[in-house]
Every structure is written in structure tokens, then in C-alpha cells.
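Student: For reference, the file work_22.cif (mmCIF, C-alpha atoms (C1' of nucleotides)) is included below:
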data_input
#
loop_
_atom_site.label_atom_id
_atom_site.label_comp_id
_atom_site.auth_asym_id
_atom_site.auth_seq_id
_atom_site.Cartn_x
_atom_site.Cartn_y
_atom_site.Cartn_z
CA MET A 12 94.25 123.52 126.14
CA ILE A 13 95.49 121.91 122.91
CA ILE A 14 93.11 119.71 120.93
CA ALA A 15 94.26 117.83 117.84
CA THR A 16 92.75 115.49 115.26
CA TRP A 17 94.68 113.03 113.10
CA ASN A 18 93.70 110.32 110.65
CA VAL A 19 96.65 107.98 111.30
CA ASN A 20 95.80 105.36 108.64
CA SER A 21 96.44 102.39 110.99
CA VAL A 22 97.38 103.17 114.60
CA ARG A 23 99.73 100.19 114.74
CA ALA A 24 101.60 101.15 111.57
CA ARG A 25 101.87 104.71 112.93
CA LEU A 26 102.58 103.95 116.61
CA ASP A 27 106.23 105.09 116.67
CA ARG A 28 105.39 108.31 114.85
CA LEU A 29 102.33 108.90 117.02
CA ARG A 30 104.34 108.45 120.22
CA ALA A 31 107.13 110.75 119.07
CA TRP A 32 104.58 113.37 118.03
CA LEU A 33 102.73 113.17 121.37
CA GLN A 34 105.99 113.68 123.23
CA ARG A 35 106.93 116.63 121.04
CA ARG A 36 103.58 118.45 120.93
CA ARG A 37 102.00 117.32 124.21
CA PRO A 38 98.37 117.92 123.12
CA ASP A 39 95.77 117.62 125.88
CA VAL A 40 93.27 115.82 123.66
CA VAL A 41 93.78 113.88 120.40
CA CYS A 42 91.00 112.56 118.19
CA LEU A 43 92.20 109.66 116.05
CA GLN A 44 90.60 108.07 112.98
CA GLU A 45 91.22 105.03 110.79
CA LEU A 46 92.70 102.94 113.59
CA LYS A 47 92.24 99.74 111.54
CA VAL A 48 92.36 97.66 114.71
CA ALA A 49 89.94 95.85 117.02
CA ASP A 50 89.49 97.20 120.57
CA GLU A 51 91.52 94.41 122.18
CA ALA A 52 94.53 95.04 119.91
CA PHE A 53 94.60 98.83 120.37
CA PRO A 54 98.06 99.86 121.73
CA ALA A 55 96.75 101.48 124.93
CA ASP A 56 99.79 100.61 127.06
CA PRO A 57 102.45 102.39 124.95
CA LEU A 58 100.22 105.48 124.99
CA ARG A 59 99.53 105.26 128.72
CA GLU A 60 103.32 105.26 129.29
CA LEU A 61 103.30 108.75 127.79
CA GLY A 62 100.50 109.88 130.09
CA TYR A 63 97.50 109.43 127.80
CA HIS A 64 94.20 107.76 128.58
CA SER A 65 92.53 106.08 125.58
CA VAL A 66 88.88 105.48 124.78
CA VAL A 67 88.45 103.38 121.68
CA HIS A 68 85.72 102.34 119.26
CA GLY A 69 87.72 99.95 117.12
CA GLN A 70 87.08 97.67 114.17
CA LYS A 71 89.20 95.03 112.52
CA THR A 72 90.87 96.10 109.24
CA TYR A 73 88.74 99.19 108.54
CA ASN A 74 87.57 102.36 110.28
CA GLY A 75 87.97 102.75 114.05
CA VAL A 76 88.10 105.99 116.10
CA ALA A 77 89.59 106.96 119.46
CA ILE A 78 90.09 109.85 121.85
CA LEU A 79 93.34 110.25 123.78
CA SER A 80 93.42 112.61 126.76
CA ARG A 81 95.80 113.57 129.54
CA THR A 82 92.97 113.73 132.07
CA GLY A 83 90.44 110.96 132.52
CA PRO A 84 87.60 110.85 129.97
CA ARG A 85 83.99 110.54 131.21
CA ASP A 86 80.58 109.82 129.66
CA VAL A 87 82.01 107.74 126.81
CA HIS A 88 79.66 107.06 123.90
CA ARG A 89 80.41 104.76 120.97
CA GLY A 90 78.72 104.85 117.58
CA LEU A 91 75.62 106.50 116.24
CA GLU A 92 72.46 105.55 118.08
CA ASP A 93 71.14 103.50 115.18
CA ASP A 94 73.76 100.77 115.60
CA ASP A 95 76.03 101.61 112.71
CA PRO A 96 78.05 98.45 111.95
CA GLN A 97 81.01 100.67 111.03
CA ALA A 98 83.05 102.19 113.88
CA ARG A 99 83.03 105.87 112.94
CA LEU A 100 82.12 107.89 116.03
CA ILE A 101 83.25 108.12 119.63
CA ALA A 102 82.46 110.85 122.15
CA ALA A 103 83.66 111.61 125.67
CA ARG A 104 83.77 114.48 128.11
CA VAL A 105 87.25 115.74 128.95
CA GLY A 106 87.15 118.37 131.67
CA GLU A 107 84.30 120.72 130.73
CA VAL A 108 84.54 119.96 126.99
CA ARG A 109 82.54 117.36 125.13
CA VAL A 110 84.83 115.84 122.50
CA VAL A 111 83.52 113.96 119.45
CA SER A 112 85.86 112.10 117.07
CA VAL A 113 84.35 111.10 113.72
CA TYR A 114 85.44 109.37 110.55
CA VAL A 115 82.97 110.26 107.81
CA PRO A 116 82.74 107.67 105.00
CA ASN A 117 84.80 108.44 101.91
CA GLY A 118 82.03 107.70 99.44
CA GLU A 119 84.19 106.03 96.76
CA SER A 120 82.53 107.61 93.71
CA ALA A 121 79.49 109.72 93.00
CA GLY A 122 76.38 107.62 92.54
CA SER A 123 77.82 104.56 94.27
CA GLU A 124 76.21 102.78 97.23
CA LYS A 125 79.04 104.09 99.39
CA TYR A 126 78.31 107.63 98.28
CA ALA A 127 74.68 107.29 99.37
CA TYR A 128 75.94 105.90 102.67
CA LYS A 129 78.25 108.90 103.09
CA LEU A 130 75.44 111.40 102.58
CA ALA A 131 73.10 109.44 104.85
CA TRP A 132 75.79 109.12 107.52
CA MET A 133 76.35 112.89 107.55
CA GLU A 134 72.60 113.41 107.95
CA ARG A 135 72.54 110.91 110.83
CA LEU A 136 75.44 112.74 112.48
CA ARG A 137 73.42 115.95 112.31
CA GLY A 138 70.51 114.18 113.98
CA TRP A 139 72.82 112.74 116.64
CA LEU A 140 74.07 116.25 117.49
CA ARG A 141 70.53 117.61 117.60
CA ARG A 142 69.31 114.88 119.93
CA ARG A 143 72.27 114.42 122.25
CA CYS A 144 74.17 117.72 122.34
CA SER A 145 73.55 121.43 122.69
CA PRO A 146 75.10 124.22 120.60
CA ASP A 147 75.33 126.18 123.87
CA GLU A 148 77.76 123.74 125.50
CA PRO A 149 81.55 123.69 124.99
CA LEU A 150 81.92 120.99 122.34
CA VAL A 151 84.44 120.07 119.65
CA LEU A 152 83.53 117.88 116.70
CA CYS A 153 86.81 116.69 115.21
CA GLY A 154 87.84 114.24 112.57
CA ASP A 155 88.23 113.22 108.98
CA PHE A 156 85.08 114.52 107.28
CA ASN A 157 86.19 113.57 103.76
CA VAL A 158 84.86 116.93 102.59
CA ALA A 159 86.77 120.09 101.64
CA PRO A 160 84.35 122.86 102.72
CA ASP A 161 85.03 125.11 99.71
CA ASP A 162 87.58 125.81 96.99
CA ARG A 163 89.86 127.71 99.38
CA ASP A 164 90.54 124.28 100.86
CA VAL A 165 91.71 122.70 97.60
CA ALA A 166 95.09 123.43 95.98
CA PHE A 167 93.82 122.63 92.47
CA PRO A 168 90.03 123.06 92.58
CA ASP A 169 89.51 122.23 88.89
CA LEU A 170 91.15 118.83 89.35
CA TRP A 171 88.91 117.96 92.29
CA ALA A 172 85.60 119.61 91.39
CA ASP A 173 83.78 116.35 90.66
CA SER A 174 85.42 114.28 93.39
CA VAL A 175 83.57 112.84 96.37
CA LEU A 176 85.55 115.27 98.55
CA CYS A 177 84.27 118.40 96.81
CA ARG A 178 80.91 117.81 95.14
CA PRO A 179 78.19 120.31 95.97
CA ASP A 180 75.96 117.75 97.73
CA VAL A 181 78.62 116.69 100.26
CA ARG A 182 79.54 120.34 100.82
CA GLU A 183 75.90 121.09 101.53
CA ALA A 184 75.74 118.16 103.95
CA LEU A 185 78.80 119.51 105.76
CA ALA A 186 77.30 123.00 105.87
CA GLY A 187 74.18 121.44 107.41
CA ILE A 188 76.26 119.97 110.23
CA LEU A 189 77.95 123.33 110.87
CA ALA A 190 74.58 125.08 110.80
CA TRP A 191 73.59 123.17 113.93
CA GLY A 192 75.90 125.58 115.80
CA LEU A 193 79.55 124.92 115.00
CA GLU A 194 82.38 127.05 113.69
CA ASP A 195 85.28 125.86 111.53
CA VAL A 196 88.18 126.86 113.80
CA VAL A 197 90.92 126.60 111.15
CA ARG A 198 88.85 128.85 108.85
CA ARG A 199 88.42 131.35 111.70
CA HIS A 200 92.20 131.77 111.95
CA HIS A 201 93.06 131.34 108.26
CA PRO A 202 90.16 132.66 106.14
CA GLU A 203 92.47 133.05 103.13
CA GLY A 204 92.65 129.26 102.76
CA GLY A 205 95.61 127.38 101.29
CA ILE A 206 95.85 125.03 104.29
CA TYR A 207 95.60 121.32 103.56
CA SER A 208 95.49 118.20 105.73
CA TRP A 209 95.55 115.35 103.19
CA TRP A 210 97.78 114.55 100.21
CA ASP A 211 97.45 111.38 98.12
CA TYR A 212 100.31 108.91 98.46
CA ARG A 213 100.45 108.69 94.69
CA MET A 214 101.54 110.99 91.86
CA LEU A 215 103.95 112.96 94.10
CA ALA A 216 100.94 114.77 95.52
CA PHE A 217 102.73 116.02 98.64
CA PRO A 218 105.85 117.42 96.93
CA ARG A 219 103.54 119.12 94.44
CA ASN A 220 101.31 120.27 97.30
CA ASN A 221 98.25 118.81 95.62
CA GLY A 222 96.41 118.84 98.94
CA LEU A 223 92.92 119.24 100.38
CA ARG A 224 91.68 120.27 103.81
CA ILE A 225 89.31 117.46 104.75
CA ASP A 226 90.23 117.02 108.45
CA HIS A 227 88.50 119.51 110.70
CA VAL A 228 88.11 120.91 114.19
CA PHE A 229 84.63 122.33 114.55
CA ALA A 230 83.68 124.01 117.84
CA THR A 231 80.55 125.50 119.33
CA ARG A 232 80.55 129.33 119.50
CA VAL A 233 81.43 129.50 123.18
CA LEU A 234 84.54 127.40 122.60
CA ALA A 235 85.52 128.73 119.14
CA GLY A 236 85.72 132.19 120.69
CA ARG A 237 88.39 130.93 123.04
CA SER A 238 90.64 129.54 120.27
CA THR A 239 93.95 131.36 119.93
CA SER A 240 95.56 129.48 117.02
CA ALA A 241 94.98 126.68 114.55
CA GLU A 242 97.48 124.90 112.33
CA VAL A 243 98.23 121.78 110.33
CA ASP A 244 101.41 119.97 111.35
CA ARG A 245 102.75 119.35 107.84
CA ASP A 246 105.96 117.87 109.21
CA GLU A 247 103.99 114.70 109.99
CA ARG A 248 103.36 114.19 106.28
CA ARG A 249 107.13 114.08 105.66
CA GLY A 250 109.75 111.41 106.30
CA ASP A 251 109.43 107.67 106.85
CA LYS A 252 106.07 105.96 106.69
CA PRO A 253 103.79 108.95 107.12
CA SER A 254 100.01 108.78 107.22
CA ASP A 255 98.49 110.39 104.14
CA HIS A 256 96.87 112.86 106.59
CA ALA A 257 98.64 115.43 108.79
CA PRO A 258 97.39 116.41 112.27
CA VAL A 259 95.26 119.52 112.78
CA ILE A 260 96.09 121.29 116.05
CA VAL A 261 94.02 123.96 117.81
CA THR A 262 94.88 125.86 120.98
CA PHE A 263 92.14 127.15 123.30
CA ARG A 264 92.61 129.66 126.07
CA GLU A 265 91.29 128.66 129.49
CA ASP A 266 88.52 130.95 130.71
"C1'" DA B 5 90.55 106.46 80.70
"C1'" DT B 6 93.69 104.51 84.07
"C1'" DG B 7 97.18 104.08 87.46
"C1'" DG B 8 100.04 105.93 90.74
"C1'" DC B 9 100.65 104.09 96.73
"C1'" DA B 10 99.61 102.29 101.32
"C1'" DT B 11 97.41 99.16 104.71
"C1'" DA B 12 95.37 94.78 106.51
"C1'" DA B 13 93.74 90.68 105.83
"C1'" DT B 14 97.18 86.52 104.09
"C1'" DT B 15 101.37 84.24 101.60
"C1'" DG B 16 99.28 86.05 96.13
"C1'" DT B 17 95.64 88.54 95.95
"C1'" DT B 18 91.84 91.43 97.14
"C1'" DA B 19 89.20 95.35 99.43
"C1'" DT B 20 89.49 99.98 100.59
"C1'" DG B 21 90.95 104.43 100.77
"C1'" DA B 22 90.42 109.72 98.78
#
Using C-alpha cells, write down the structure from this file.

Tutor:
Amino acid sequence: MIIATWNVNSVRARLDRLRAWLQRRRPDVVCLQELKVADEAFPADPLRELGYHSVVHGQKTYNGVAILSRTGPRDVHRGLEDDDPQARLIAARVGEVRVVSVYVPNGESAGSEKYAYKLAWMERLRGWLRRRCSPDEPLVLCGDFNVAPDDRDVAFPDLWADSVLCRPDVREALAGILAWGLEDVVRRHHPEGGIYSWWDYRMLAFPRNNGLRIDHVFATRVLAGRSTSAEVDRDERRGDKPSDHAPVIVTFRED
DNA sequence: ATGGCATAATTGTTATGA
């Protein structure tokens, strides 16, 4: 079973690329973030033509998350329980696996209102997991977390040390989420680091490989132990009209 | 210290991202 996560930075702007990538890689489950589209305008039909069901928690202009799956999703849940006005979480069961797709707030700059919202949102996500899920069930928490877990996940750590993607408090918040009972599956397969999922559009960041790993596939122990590989599909950051994020792809063995 | 670039809302400019 192949599970992927991809911040597409507008699903409509990325539709041709997304469709070509789905046909090429044939993942079983895809968590999408930053749809930038309302539910009614989500391009479900062109994805259904390729054999994918969609469950969507959309929002006009900003945010928006979805789960695509080749088998029918069940038990769909949208948003945090405290009625977050921003569409940043969707969950569904696909087969035996509970799949959660999240888009953690960026945080803009340290000390800003948005930064406080980011930290609070991560704490609320931890509470959501504690209340609604079990670390003993097969579960993947995927998405754009806007946090590089440690300096192995940053090409130029000194440049990024004070950024909202790397500051100690957001790293601690991320560690708190993992401590609920999740394992970083890319780290499991590549503990040496040097794998990135996001490169700024500006300043030739991609050609210079000034990247950070901020998109993650986290799995409960029972599922992480069944993972056989994990990779970032860097090819999706190349060519015409790429997202600034590349997909993260994990393969799980069936038990 | 700031901008670089991209997207969606609109049609010239702003908000947001990371």
C-alpha cells in the first residue's frame, strides 16, 4: 500500500500535474494540502476518471485539505472539534488504516498573532489525537506541518535557525505530537537526513538545494513497522508550474 | 534590512505563503 502527501499550492493550478503524477505513481492514498478551493469547485470528476475517490474539506482562496483513495473512504471527519474557521484537517478510514491529512499554519513570523495560532493549533491537534484516536490503531498523520523536525532536515541550518519552520518552540510542539505515539517514517528509512520536501520559489532555492523537510508521514508503531521505503519525489519540483512542495511517498507492506 | 516568486481574489492591487 502506497500512501503519499503533497502540498499542491492550489489543486486547480496543479490539476494537470497531479493527474499525470497519479497515473505514473498510482498511490493508493494521497493526502493533499493547500487546495485553495471551495468544496463545490474541487475537481472531483477529473480525479474520479483516474479511479480516485475524493473527500474534501475546502476553503475559498486559502487552506483546504483532501484525501484521495482508490477504495472508498469511510468515517469522514472534517476540521478540529472546536470549529476551526480554517480548513486544515480531514480524516477518513481507508481499508483498515485511519488517514489524517493536515495543513499546519505557517506562523508568518515569531511573535506574530499567526505564530501564536500555529502553536495553539498544534496543541489542539495533539488533543484531537488523544481524544479521537488510539496509538494502538493503524493510523497515518500526513501533511504539511511547516516544521523541520531537526537540523538534519535543513540544507543550511544557520540560515533557517530563527525561522518559523525551525524555532525550538515549534520543534517542541511537533515532538509533542509524535510523543502521542507516532513515528516519522521518512526518518526511519533515512536517519542521515538531507531529504527535503519544500524549496522557496525565490532566490533559486531549488537549483541551490536550499530545502527543508516540512512535509511528513507519521505513522503509529504498528504501521511504521510495516513500512518498506520512504522517499520524496523531487521530480515534481522540476519543470513547468511546479508546487513549491514535492510529494512524500511511503510504501507499506500488507500484513 | 529587504526582496526574490507564486496563487487567488480581481483588472491593479492586496493577502498569504514559508

Student: For a quick check of understanding, using all atoms listed in the file, which of A:Ile225, A:Val76, A:Ile188, A:Met12 has the smallest distance to Arg237 of chain A?

Tutor: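 Among the listed residues, the smallest separation from Arg237 of chain A belongs to A:Met12.
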
Student: Residues of chain B were defined as contacting chain A if any atom lay at most 6 Å from it, counting all atoms listed in the file; please report them as a list in words.

Tutor: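 Result, ordered by chain then number: DG8, DC9 and DA12 of chain B.
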
Student: State, in Å with one decimal place, the distance from atom CA of Val22 of chain A to atom CA of Cys144 of chain A.

Tutor: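 Computing the Euclidean distance for atom CA of Val22 of chain A and atom CA of Cys144 of chain A yields 28.5 Å.
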
Student: I'd like the interatomic distance between atom CA of Ala166 of chain A and atom CA of Asn220 of chain A, to a tenth of an Å.

Tutor: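 Computing it gives 7.1 Å between the two atoms.
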
Student: Which residues fall under the PyMOL selection byres ((chain A and resi 262) around 8) in this file, as a list in words?

Tutor: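 Selected by the PyMOL selection byres ((chain A and resi 262) around 8) in this file: Met12, Ile13, Ile14, Ser238, Thr239, Ser240, Ala241, Ile260, Val261, Phe263 and Arg264 of chain A.
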
Student: Separation of atom CA of Leu136 of chain A and atom C1' of DA19 of chain B, in Å?

Tutor: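 Atom C1' of DA19 of chain B lies 25.7 Å from atom CA of Leu136 of chain A.
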
Student: Expanded to explicit residues, what is the PyMOL selection byres ((chain A and resi 86-97) around 8) for this file, as a PyMOL selection string?

Tutor: chain A and resi 66+68+70+74-75+84-85+98-104+135-136+139

Student: May I have the residues from that selection written out with C-alpha atoms, as an mmCIF file, in the coordinates of the input?

Tutor:
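Output contents, as saved in part_26.cif:
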data_model
loop_
_atom_site.group_PDB
_atom_site.id
_atom_site.type_symbol
_atom_site.label_atom_id
_atom_site.label_comp_id
_atom_site.auth_asym_id
_atom_site.auth_seq_id
_atom_site.Cartn_x
_atom_site.Cartn_y
_atom_site.Cartn_z
ATOM 1 C CA VAL A 66 88.880 105.480 124.780
ATOM 2 C CA HIS A 68 85.720 102.340 119.260
ATOM 3 C CA GLN A 70 87.080 97.670 114.170
ATOM 4 C CA ASN A 74 87.570 102.360 110.280
ATOM 5 C CA GLY A 75 87.970 102.750 114.050
ATOM 6 C CA PRO A 84 87.600 110.850 129.970
ATOM 7 C CA ARG A 85 83.990 110.540 131.210
ATOM 8 C CA ALA A 98 83.050 102.190 113.880
ATOM 9 C CA ARG A 99 83.030 105.870 112.940
ATOM 10 C CA LEU A 100 82.120 107.890 116.030
ATOM 11 C CA ILE A 101 83.250 108.120 119.630
ATOM 12 C CA ALA A 102 82.460 110.850 122.150
ATOM 13 C CA ALA A 103 83.660 111.610 125.670
ATOM 14 C CA ARG A 104 83.770 114.480 128.110
ATOM 15 C CA ARG A 135 72.540 110.910 110.830
ATOM 16 C CA LEU A 136 75.440 112.740 112.480
ATOM 17 C CA TRP A 139 72.820 112.740 116.640
#

Student: Residues picked by the PyMOL selection byres ((chain A and resi 15) around 9) here, as a compact mmCIF listing (two decimals) with C-alpha atoms, in the coordinates of the input?

Tutor:
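Output file out_23.txt follows:
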# COMPACT_ATOMS: atom_id res chain seq x y z
CA ILE A 13 95.49 121.91 122.91
CA ILE A 14 93.11 119.71 120.93
CA THR A 16 92.75 115.49 115.26
CA TRP A 17 94.68 113.03 113.10
CA PRO A 38 98.37 117.92 123.12
CA ASP A 39 95.77 117.62 125.88
CA VAL A 40 93.27 115.82 123.66
CA VAL A 41 93.78 113.88 120.40
CA CYS A 42 91.00 112.56 118.19
CA LEU A 43 92.20 109.66 116.05
CA CYS A 153 86.81 116.69 115.21
CA VAL A 228 88.11 120.91 114.19
CA PRO A 258 97.39 116.41 112.27
CA VAL A 259 95.26 119.52 112.78
CA ILE A 260 96.09 121.29 116.05
CA VAL A 261 94.02 123.96 117.81
CA THR A 262 94.88 125.86 120.98

Student: Taking only C-alpha atoms into account, which of A:Leu150, A:Ala186, A:Lys125, A:Pro160 comes nearest Gly106 of chain A?

Tutor: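 Closest residue, counting only C-alpha atoms: A:Leu150.
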
Student: Set the distance at 6 Å and use all atoms listed in the file: which residues neighbour Asp195 of chain A once local chain neighbours fewer than 2 positions away are removed? I'd like the list as an NGL selection string.

Tutor: :A and (197-198 or 229)

Student: Determine the nearest neighbour of Arg141 of chain A from the options A:Trp191, A:Pro168, A:Ala55, A:Gly222, counting only C-alpha atoms.

Tutor: A:Trp191

Student: Given all atoms listed in the file as the basis, pick out the residue of A:Arg163, A:Arg109, A:Arg248, A:Arg35 nearest to Leu140 of chain A.

Tutor: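 Once distances to Leu140 of chain A are computed over all atoms listed in the file, the minimum belongs to A:Arg109.
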